[in-house]
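> protein_7.txt is the file, holding compact mmCIF, C-alpha atoms:
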```
# COMPACT_ATOMS: atom_id res chain seq x y z
CA MET A 1 6.53 23.08 -32.49
CA ASP A 2 4.59 21.37 -35.30
CA ILE A 3 1.23 19.75 -34.87
CA GLU A 4 1.03 16.68 -37.08
CA ARG A 5 -2.52 15.60 -36.32
CA SER A 6 -5.25 16.56 -33.91
CA GLU A 7 -8.70 15.51 -32.77
CA VAL A 8 -11.28 16.89 -30.34
CA ILE A 9 -13.33 14.56 -28.15
CA ARG A 10 -16.23 15.22 -25.82
CA VAL A 11 -15.64 14.43 -22.13
CA THR A 12 -18.99 14.29 -20.36
CA SER A 13 -19.54 10.87 -18.80
CA SER A 14 -17.58 8.10 -17.08
CA GLU A 15 -18.06 6.06 -20.29
CA ASP A 16 -16.27 8.91 -22.12
CA VAL A 17 -13.37 8.49 -19.67
CA VAL A 18 -13.05 4.85 -20.79
CA ARG A 19 -13.28 5.86 -24.47
CA ILE A 20 -10.57 8.47 -23.92
CA ARG A 21 -8.26 5.84 -22.39
CA GLN A 22 -8.70 3.71 -25.51
CA LEU A 23 -8.31 6.60 -27.94
CA VAL A 24 -5.24 8.08 -26.23
CA ARG A 25 -3.70 4.59 -26.23
CA GLU A 26 -4.16 4.41 -30.03
CA TRP A 27 -2.57 7.84 -30.47
CA ALA A 28 0.37 6.89 -28.22
CA ILE A 29 0.93 3.69 -30.21
CA ARG A 30 0.82 5.62 -33.51
CA SER A 31 3.39 8.07 -32.16
CA GLY A 32 5.72 5.17 -31.36
CA PHE A 33 5.66 5.28 -27.54
CA ASN A 34 6.66 2.06 -25.79
CA LEU A 35 4.27 0.15 -23.53
CA VAL A 36 5.31 1.77 -20.24
CA GLU A 37 5.13 5.26 -21.79
CA GLN A 38 1.73 4.50 -23.33
CA THR A 39 0.47 3.35 -19.95
CA LYS A 40 1.68 6.54 -18.24
CA ILE A 41 0.09 8.76 -20.89
CA VAL A 42 -3.21 6.87 -20.78
CA THR A 43 -3.30 6.85 -16.96
CA GLY A 44 -2.63 10.60 -16.79
CA ALA A 45 -5.36 11.19 -19.36
CA SER A 46 -7.77 9.08 -17.32
CA GLU A 47 -7.10 11.12 -14.16
CA ILE A 48 -7.71 14.47 -15.83
CA ALA A 49 -10.69 13.21 -17.86
CA ARG A 50 -12.33 12.12 -14.61
CA ASN A 51 -11.73 15.59 -13.12
CA THR A 52 -13.26 17.18 -16.22
CA VAL A 53 -16.40 15.05 -15.79
CA ASN A 54 -16.72 15.11 -11.99
CA HIS A 55 -15.54 18.63 -11.17
CA GLY A 56 -15.78 20.54 -14.45
CA GLY A 57 -19.26 19.33 -15.39
CA GLY A 58 -17.88 17.94 -18.65
CA GLY A 59 -15.76 19.47 -21.35
CA THR A 60 -13.47 18.58 -24.23
CA LEU A 61 -10.16 16.91 -24.89
CA LEU A 62 -7.88 18.06 -27.69
CA VAL A 63 -5.36 15.33 -28.61
CA GLU A 64 -2.39 16.39 -30.70
CA ALA A 65 0.54 14.50 -32.17
CA VAL A 66 3.34 17.07 -32.02
CA ASN A 67 7.02 17.34 -32.81
CA ASN A 68 9.63 19.93 -31.92
CA GLY A 69 12.02 19.12 -34.72
CA SER A 70 13.96 16.41 -32.96
CA ARG A 71 11.34 14.70 -30.82
CA ARG A 72 7.79 13.50 -31.28
CA GLY A 73 5.24 13.77 -28.56
CA ILE A 74 1.61 13.76 -27.54
CA ARG A 75 -0.12 16.79 -26.12
CA LEU A 76 -3.45 16.49 -24.32
CA THR A 77 -5.52 19.58 -23.52
CA PHE A 78 -8.58 19.19 -21.31
CA GLU A 79 -10.93 22.15 -21.06
CA ASP A 80 -14.12 22.67 -19.13
CA LYS A 81 -16.39 25.58 -18.29
CA GLY A 82 -17.04 24.39 -14.77
CA PRO A 83 -16.67 26.20 -11.44
CA GLY A 84 -12.88 26.36 -11.72
CA ILE A 85 -10.30 25.85 -8.99
CA ALA A 86 -9.87 28.61 -6.41
CA ASP A 87 -6.48 27.49 -5.04
CA LEU A 88 -4.39 25.75 -7.69
CA GLU A 89 -1.44 25.18 -5.40
CA LEU A 90 -3.65 23.36 -2.91
CA ALA A 91 -5.41 21.39 -5.67
CA MET A 92 -2.06 20.10 -6.94
CA LYS A 93 -1.16 18.66 -3.52
CA ASP A 94 -1.37 14.90 -3.12
CA GLY A 95 -4.15 13.97 -0.75
CA TYR A 96 -6.19 17.12 -1.28
CA SER A 97 -9.62 16.21 -2.64
CA THR A 98 -13.02 17.82 -2.88
CA GLY A 99 -14.55 14.92 -4.79
CA GLY A 100 -14.23 12.10 -2.28
CA GLY A 101 -11.25 10.62 -4.15
CA LEU A 102 -7.68 10.12 -3.07
CA GLY A 103 -6.56 13.50 -4.31
CA LEU A 104 -3.93 11.96 -6.56
CA GLY A 105 -5.43 13.04 -9.89
CA LEU A 106 -3.66 16.34 -10.63
CA GLY A 107 -0.36 15.62 -8.87
CA GLY A 108 -0.28 12.09 -10.29
CA ALA A 109 -1.00 13.26 -13.84
CA LYS A 110 1.75 15.86 -13.50
CA ARG A 111 4.24 13.18 -12.43
CA LEU A 112 3.21 11.07 -15.43
CA SER A 113 3.88 13.89 -17.95
CA ASN A 114 6.99 15.75 -19.09
CA GLU A 115 5.24 19.10 -19.27
CA PHE A 116 2.17 20.03 -17.28
CA GLU A 117 0.26 23.32 -17.26
CA ILE A 118 -2.94 24.12 -15.45
CA SER A 119 -4.91 27.33 -15.58
CA SER A 120 -8.20 28.03 -13.94
CA ARG A 121 -10.47 30.92 -13.08
CA PRO A 122 -13.22 30.50 -10.49
CA GLY A 123 -16.55 30.60 -12.31
CA GLU A 124 -15.00 30.28 -15.77
CA GLY A 125 -13.46 26.84 -15.97
CA THR A 126 -10.22 24.94 -16.02
CA ARG A 127 -7.68 24.02 -18.66
CA VAL A 128 -5.08 21.28 -18.16
CA ARG A 129 -2.42 20.69 -20.79
CA MET A 130 0.05 17.82 -20.53
CA THR A 131 2.71 16.77 -22.95
CA ARG A 132 4.84 13.66 -23.07
CA TRP A 133 7.88 13.50 -25.34
CA LYS A 134 9.48 10.40 -26.76
CA MET B 1 -26.37 -2.08 -16.14
CA GLU B 2 -23.52 -4.46 -16.97
CA ARG B 3 -21.81 -6.23 -14.08
CA ILE B 4 -18.45 -7.96 -13.55
CA PRO B 5 -19.18 -11.67 -12.95
CA ILE B 6 -18.16 -13.21 -9.60
CA LEU B 7 -17.53 -16.97 -9.58
CA LYS B 8 -17.59 -19.16 -6.45
CA MET B 9 -14.83 -21.76 -6.16
CA GLY B 10 -15.15 -23.64 -2.88
CA GLU B 11 -14.60 -21.13 -0.09
CA PHE B 12 -13.17 -18.53 -2.46
CA LEU B 13 -14.66 -16.00 -4.85
CA LEU B 14 -12.97 -15.45 -8.19
CA VAL B 15 -13.27 -12.27 -10.24
CA THR B 16 -11.66 -11.85 -13.64
CA ILE B 17 -11.91 -8.27 -14.84
CA GLN B 18 -11.95 -8.45 -18.61
CA VAL B 19 -13.26 -5.02 -19.54
CA ASP B 20 -11.90 -1.53 -19.06
CA MET B 21 -14.12 -0.50 -16.14
CA HIS B 22 -15.79 2.88 -15.92
CA ASP B 23 -16.14 4.23 -12.40
CA ARG B 24 -19.71 3.10 -11.73
CA LEU B 25 -18.87 -0.43 -12.86
CA ALA B 26 -15.92 -0.51 -10.42
CA LEU B 27 -18.19 0.68 -7.60
CA ALA B 28 -20.80 -1.94 -8.52
CA LEU B 29 -18.12 -4.64 -8.30
CA GLN B 30 -17.14 -3.37 -4.84
CA ASP B 31 -20.78 -3.58 -3.67
CA ASP B 32 -21.45 -6.95 -5.33
CA LEU B 33 -18.32 -8.54 -3.91
CA THR B 34 -18.94 -7.49 -0.33
CA GLN B 35 -22.50 -8.81 -0.60
CA ARG B 36 -21.32 -12.13 -2.09
CA ILE B 37 -18.70 -12.55 0.67
CA VAL B 38 -21.49 -12.35 3.23
CA ASP B 39 -23.94 -14.48 1.23
CA THR B 40 -21.44 -17.31 0.61
CA SER B 41 -19.31 -16.97 3.79
CA ALA B 42 -16.32 -16.83 1.47
CA ARG B 43 -12.90 -16.88 3.13
CA GLY B 44 -10.99 -15.40 0.24
CA VAL B 45 -11.32 -13.26 -2.89
CA LEU B 46 -9.04 -13.52 -5.89
CA ILE B 47 -9.14 -10.69 -8.41
CA ASP B 48 -7.42 -11.25 -11.74
CA ILE B 49 -6.49 -7.96 -13.43
CA SER B 50 -4.19 -9.43 -16.11
CA ALA B 51 -6.51 -8.11 -18.85
CA LEU B 52 -6.30 -4.51 -17.58
CA ASP B 53 -3.83 -2.32 -19.45
CA VAL B 54 -4.63 0.68 -17.22
CA VAL B 55 -5.24 0.96 -13.49
CA ASP B 56 -5.75 4.60 -12.58
CA SER B 57 -6.25 6.07 -9.11
CA PHE B 58 -9.98 5.28 -9.06
CA ILE B 59 -9.60 1.61 -9.98
CA GLY B 60 -6.60 1.34 -7.64
CA ARG B 61 -8.59 2.85 -4.82
CA THR B 62 -11.46 0.43 -5.53
CA LEU B 63 -9.07 -2.54 -5.28
CA GLY B 64 -7.79 -1.17 -1.97
CA ASN B 65 -11.35 -0.69 -0.70
CA ILE B 66 -12.31 -4.22 -1.68
CA ALA B 67 -9.29 -5.61 0.20
CA ALA B 68 -10.12 -3.56 3.31
CA MET B 69 -13.84 -4.37 3.25
CA SER B 70 -13.29 -8.09 2.71
CA ARG B 71 -10.81 -8.16 5.61
CA ILE B 72 -13.45 -6.72 7.90
CA LEU B 73 -15.81 -9.42 6.59
CA ASP B 74 -13.26 -12.12 7.50
CA ALA B 75 -12.04 -12.79 3.97
CA GLU B 76 -8.60 -12.26 2.43
CA THR B 77 -8.14 -10.59 -0.97
CA VAL B 78 -5.34 -11.24 -3.43
CA VAL B 79 -4.96 -9.24 -6.65
CA VAL B 80 -3.15 -11.18 -9.36
CA GLY B 81 -1.78 -10.63 -12.84
CA MET B 82 -0.84 -6.96 -12.70
CA ARG B 83 1.08 -6.01 -15.82
CA PRO B 84 4.57 -4.56 -15.27
CA ALA B 85 3.71 -1.31 -17.08
CA VAL B 86 0.69 -0.90 -14.79
CA ALA B 87 2.81 -1.50 -11.66
CA ILE B 88 5.39 1.09 -12.78
CA THR B 89 2.67 3.63 -13.54
CA LEU B 90 0.81 3.08 -10.24
CA VAL B 91 3.92 3.75 -8.18
CA GLU B 92 4.72 6.88 -10.20
CA LEU B 93 1.12 8.01 -9.83
CA GLY B 94 1.59 7.79 -6.07
CA LEU B 95 -0.60 4.76 -5.39
CA PRO B 96 1.61 1.81 -4.39
CA LEU B 97 -1.45 -0.20 -3.22
CA HIS B 98 -0.37 -0.62 0.40
CA GLY B 99 -2.65 -3.10 2.09
CA VAL B 100 -3.44 -5.08 -1.05
CA ARG B 101 -1.88 -8.53 -1.30
CA THR B 102 -0.67 -9.34 -4.79
CA ALA B 103 0.61 -12.39 -6.63
CA LEU B 104 1.99 -12.77 -10.12
CA ASP B 105 -0.63 -15.21 -11.43
CA VAL B 106 -3.82 -17.04 -10.49
CA GLU B 107 -2.02 -20.19 -9.33
CA LYS B 108 0.31 -18.28 -6.97
CA GLY B 109 -2.64 -16.17 -5.81
CA MET B 110 -4.67 -19.27 -4.92
CA GLY B 111 -1.69 -20.63 -3.00
CA LEU B 112 -1.37 -17.37 -1.09
CA LEU B 113 -5.10 -17.36 -0.28
CA ARG B 114 -5.04 -20.97 0.97
CA LYS B 115 -2.07 -20.21 3.17
CA ALA B 116 -3.62 -17.00 4.50
CA VAL B 117 -6.91 -18.72 5.28
CA ALA B 118 -5.24 -21.78 6.86
CA GLY B 119 -3.23 -19.48 9.13
CA ARG B 120 -6.32 -17.83 10.53
CA ARG B 121 -8.67 -19.13 13.15
CA PRO B 122 -12.30 -18.96 12.10
CA GLY B 123 -13.83 -15.70 13.18
CA ASP B 124 -10.46 -14.05 13.64
CA GLY B 125 -11.73 -11.11 11.66
CA TYR B 126 -9.60 -8.06 11.17
CA ARG B 127 -6.15 -8.13 12.63
CA ALA B 128 -2.98 -6.12 12.28
CA GLN B 129 -0.55 -7.64 9.80
```
Let me see whether you can do it: turn the structure in this file into structure tokens.


Amino acid sequence: MDIERSEVIRVTSSEDVVRIRQLVREWAIRSGFNLVEQTKIVTGASEIARNTVNHGGGGTLLVEAVNNGSRRGIRLTFEDKGPGIADLELAMKDGYSTGGGLGLGLGGAKRLSNEFEISSRPGEGTRVRMTRWK
Amino acid sequence: MERIPILKMGEFLLVTIQVDMHDRLALALQDDLTQRIVDTSARGVLIDISALDVVDSFIGRTLGNIAAMSRILDAETVVVGMRPAVAITLVELGLPLHGVRTALDVEKGMGLLRKAVAGRRPGDGYRAQ
């Protein structure tokens, strides 16, 4: 897989979450995604960015325009050094929330991506990587 | 802190969300609206989201909360102008906005509000749909 372009953005406040929605939208447009696809990518990014701020104590987003030879895509990698997630399987379940939300963030973002990976170690942080292909 | 403006039109309150809301702004709108419903004895709330190109789970939940809170305060809420891409994404996200009345545009939304309010006795309050 080739990485055509990349950028790293800070994710520390709820204003950053709004900025990330706008930035990811621009990247999705540049990669040629249609409006519905853009909206899914941006919404997934918003969910995970909020988790990074509210649960991870802030972190970073790496945005990459990628291609695998035949298809172009966008890969988003959120990383934080927060408390981590003890039970990933439980955290992925719809309706499970520790933050007072609806518990749709992780499961919803997964449904909005083509590839979704999450890794976390309690006490060390969390990394979420989602990719959407055209 | 910035606020989303709330306009009074007769017995209804009208909110046009024109900025991409961060979470605290959405919560402030929820608080402001419930207060204005009580202050003005409004019978209906119309929220125009046609300018929003993203509604994520937090904003969706806020819209649902506003609808539920206003119902308890004897006012109906209609959300209008949702973009098709937003509707598709919300359902896929797992948030089909049960309990929130919607209409395609402001005119249809106002019609729905008038009908809903006319069909209710004053002081009816919350009731099962």

> I'd like the contact shell of range 99-109 of chain A - 7 Å cut-off, only C-alpha atoms, skipping same-chain residues fewer than 4 positions apart - returned as a PyMOL selection string.

(chain A and resi 44+47-48+92-95+113) or (chain B and resi 57+93-94)

> Using only C-alpha atoms, I'd like every residue of chain B that has an atom within 9 Å of chain A; please write them out as a VMD selection string.

chain B and resid 20 to 24 53 to 58 61 84 to 86 88 to 90 92 to 95

> Keeping only C-alpha atoms, write the selected residues as a short mmCIF file (atom, residue, chain, number, x, y, z; two decimals), in the frame of the given file.


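The result, stored in part-v1.cif:
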```
data_model
loop_
_atom_site.label_atom_id
_atom_site.label_comp_id
_atom_site.auth_asym_id
_atom_site.auth_seq_id
_atom_site.Cartn_x
_atom_site.Cartn_y
_atom_site.Cartn_z
CA ASP B 20 -11.90 -1.53 -19.06
CA MET B 21 -14.12 -0.50 -16.14
CA HIS B 22 -15.79 2.88 -15.92
CA ASP B 23 -16.14 4.23 -12.40
CA ARG B 24 -19.71 3.10 -11.73
CA ASP B 53 -3.83 -2.32 -19.45
CA VAL B 54 -4.63 0.68 -17.22
CA VAL B 55 -5.24 0.96 -13.49
CA ASP B 56 -5.75 4.60 -12.58
CA SER B 57 -6.25 6.07 -9.11
CA PHE B 58 -9.98 5.28 -9.06
CA ARG B 61 -8.59 2.85 -4.82
CA PRO B 84 4.57 -4.56 -15.27
CA ALA B 85 3.71 -1.31 -17.08
CA VAL B 86 0.69 -0.90 -14.79
CA ILE B 88 5.39 1.09 -12.78
CA THR B 89 2.67 3.63 -13.54
CA LEU B 90 0.81 3.08 -10.24
CA GLU B 92 4.72 6.88 -10.20
CA LEU B 93 1.12 8.01 -9.83
CA GLY B 94 1.59 7.79 -6.07
CA LEU B 95 -0.60 4.76 -5.39
#
```

> For a test of reading the model, state the distance in Å between CA of Val91 in chain B and CA of Glu107 in chain B, rounded to one decimal.

24.7 Å

> So how many Å separate CA of Leu62 in chain A and CA of Ser97 in chain A, to one decimal?

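About the pair CA of Leu62 in chain A and CA of Ser97 in chain A: they are 25.2 Å apart.
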
> So, with only C-alpha atoms as the atoms that count, which of A:His55, A:Arg10, A:Arg5, A:Arg132 lies closest to Ala91 in chain A?

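Under the stated criterion, the closest residue is A:His55.
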
> Hey, can you check how far CA of Val80 in chain B sits from CA of Arg120 in chain B?

21.2 Å

> If you count all atoms listed in the file, which residues fall within 8 Å of Arg3 in chain B, apart from same-chain ones fewer than 6 positions away, as a PDB file with C-alpha atoms, in the coordinates of the input?


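In the end it all went to out_29.pdb:
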```pdb
ATOM      1  CA  LEU B  25     -18.870  -0.430 -12.860  1.00  0.00           C
ATOM      2  CA  ALA B  28     -20.800  -1.940  -8.520  1.00  0.00           C
ATOM      3  CA  LEU B  29     -18.120  -4.640  -8.300  1.00  0.00           C
TER       4      LEU B  29
END
```

> When you count only C-alpha atoms, which of these residues is closest to Val8 in chain A: A:Thr98, A:Ser120, A:Asn114, A:Thr60?

A:Thr60

> Looking at B:Gln18, B:Ile66, B:Leu27, B:Phe12, which one is nearest to Leu112 in chain B, with distances taken over only C-alpha atoms?

B:Phe12

> Name the residues, using the chain letters and numbers of the file, that sit within 7 Å of (-3.2, 27.1, -17.2) when counting all atoms listed in the file, and give them as a PyMOL selection string.

chain A and resi 117-120+127-128

> From the options A:Gly56, A:Phe78, A:Ser70, A:Ala49, which residue's atoms come nearest to Pro122 in chain A, counting only C-alpha atoms?

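Smallest distance to Pro122 in chain A is found for A:Gly56.
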
> Out of B:Gly64, B:Gly44, B:Pro96, B:Gly119, which residue has the shortest atom-to-atom distance to Val15 in chain B when counting all atoms listed in the file?

B:Gly44

> For Met110 in chain B, which residue out of B:Ala68, B:Ile59, B:Leu14, B:Val38 is the nearest one, using only C-alpha atoms?

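Smallest separation from Met110 in chain B among the options: B:Leu14.
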